Amino acid sequence: MQNSDAPKIAKLPLLAAVIALVGLADAIYLTVKHLSGDGVQCTIVHGCEQVLNSDYAKFAGIPLAFIGVAAYFTVFSLATLAAFGNRQAWNFLSIMVGMMAIFTGWLLYLQGFVIEAFCQFCLLSAGVTFTLLGIVIVSRYFFKRLA
Amino acid sequence: MNNKQSFAFGFLSGAAIPAVIIGLVAVIAIVATVYLYQTSRANTPGPVISNANASANSNTKALKTAPPGAEPAWTKGAPNATVTLEEFADFECPSCGFFEPTMREIKTVYGDRVRVIFRQYPLQMHQHAYDAARAAEAAGQQGKFWEMHDMLYDKQKSWSKEMPDARKEFENYAKTLGLNVDKFNNDLTGDTANSRVSADKKRGDFISIRATPSIFLNGRLLTADEMQVTKMRELIENALQGK
């Protein structure tokens, strides 16, 4: 069937790349908030300030938001490569998203039970990670080919 | 390469496309970060200075030229104390509730040496914030502002949820504090409470409060980092020693 060398763009990795961009934008926003030290106004799902100022907002001295930027950028890059047919990139992405989902689970636990406050931007990030996880799972179990 | 392909991607070979996309996103991400950071710094009411001796920064001027807020203000500590903390807060804001133990520690440790001013800054997005602010004012009219202030924070979780009317809850607090409940209820909806809250709010709006709680130490807005209790105590100690 393949009668051209036009790059085939795989749909699931493309979707993952777009979703990773949402995560990236969110993480950039949170990083800027963290760096500039100004509070997000107290909002409906409360407590960004509380969450971002908590002792848990840093991991090994690095702001979590910045780790988020790095992670989402990596996921975006891998997804883009996979969208153009690089299977190895998709494998790396699957492992990475799996680890991110575990880490996100831990962060949700901290917000819910330790800090007892939720930050909507952190929740958005959690949503993004779990959506990525969903895409990875779908790609692994329901599609043999990515394209 | 077929015609469509070469039209769409021109000089790029298939392998280069993802690299270009990734590079482009990296550049956009960096530019966006720098831009947002600079905008956010520019919009912050005052410069971030890590010591407390900044007497002539823009916050100080802003606070001096701002409308005075409710008069007399609710204060604790000696009127002529070297250090003044002016707090803008919303009783329903969880961040304010979270920050409250810090303020209590400071009030306990420094007593008269630090003058604490409480300013009402209820946010529209909180269902009962205005009522809570007015409840504290109403209690204040019976000489129990700080008692109600503490009560509202202590019980924040029980009244700040979705409920049609938090005033019943506030009425119970008034009872607990031994207030005249009829007077309390009248005052809660009265003009005095309302205009005092508005006056504080105007003062906050003038200096462009961006988050609750906002704390000014001798007129300088503290950063989120400086609002950690140890850091805040250090700043207060320095200010007390005239540093």
# chains A, B, ... in the order shown; residues from 1 in each chain; ligands from 1
>>> select_by_dssp(residues="stretch 33-135 of chain A", states="alpha helix (DSSP H)", output="MDAnalysis selection string")
chainID A and resid 33:36 48:52 64:83 87:109 120:135
>>> atom_distance(atom1="atom CA of A:Ser77", atom2="atom CA of A:Leu14")
10.6 Å
>>> atom_distance(atom1="atom CA of B:His128", atom2="atom CA of B:Ala166")
6.5 Å
>>> closest_residue(among="B:Ala132, B:Leu221, B:Ala66, B:Ala174", to="B:Phe91", atoms="only C-alpha atoms")
B:Ala132
>>> closest_residue(among="B:Leu85, B:Arg104, B:Val25, B:Ile17", to="A:Val18", atoms="only C-alpha atoms")
B:Val25
>>> residues_around(residues="A:Val32", least_positions_apart="5", cutoff="7 Å", atoms="only C-alpha atoms", output="MDAnalysis selection string")
chainID B and resid 33 36:37
>>> atom_distance(atom1="atom CA of A:Val69", atom2="atom CA of A:Phe130")
16.2 Å
>>> closest_residue(among="B:Ile106, B:Cys93, B:Ile22, B:Ala139", to="B:Lys231", atoms="only C-alpha atoms")
B:Ile106
>>> closest_residue(among="B:Arg220, B:Lys243, B:Lys183, B:Lys201", to="B:Leu123", atoms="only C-alpha atoms")
B:Lys201
>>> residues_around(residues="A:Leu81", least_positions_apart="4", cutoff="10 Å", atoms="only C-alpha atoms", output="ChimeraX atom specification")
/A:9-10,13-14,17,75-77,85-90 /B:15,17-19,21-22
>>> residues_around(residues="B:Ala129", least_positions_apart="2", cutoff="10 Å", atoms="only C-alpha atoms", output="list in words")
Ala89, Asp90, Phe91, Glu92, Cys93, Gln120, Tyr121, Pro122, Leu123, Gln124, Met125, His126, Gln127, Asp131, Ala132, Ala133, Arg134, Ala135, Ser160 and Ala166 of chain B
>>> select_by_dssp(residues="stretch 117-193 of chain B", states="strand (DSSP E or B)", output="list in words")
Ile117, Phe118, Arg119 and Gln120 of chain B
>>> closest_residue(among="A:Ala101, A:Cys119, A:Ile137, A:Leu35", to="chain B", atoms="only C-alpha atoms")
A:Leu35
>>> closest_residue(among="A:Phe142, A:Phe73, A:Tyr56, A:Trp106", to="chain B", atoms="only C-alpha atoms")
A:Phe73
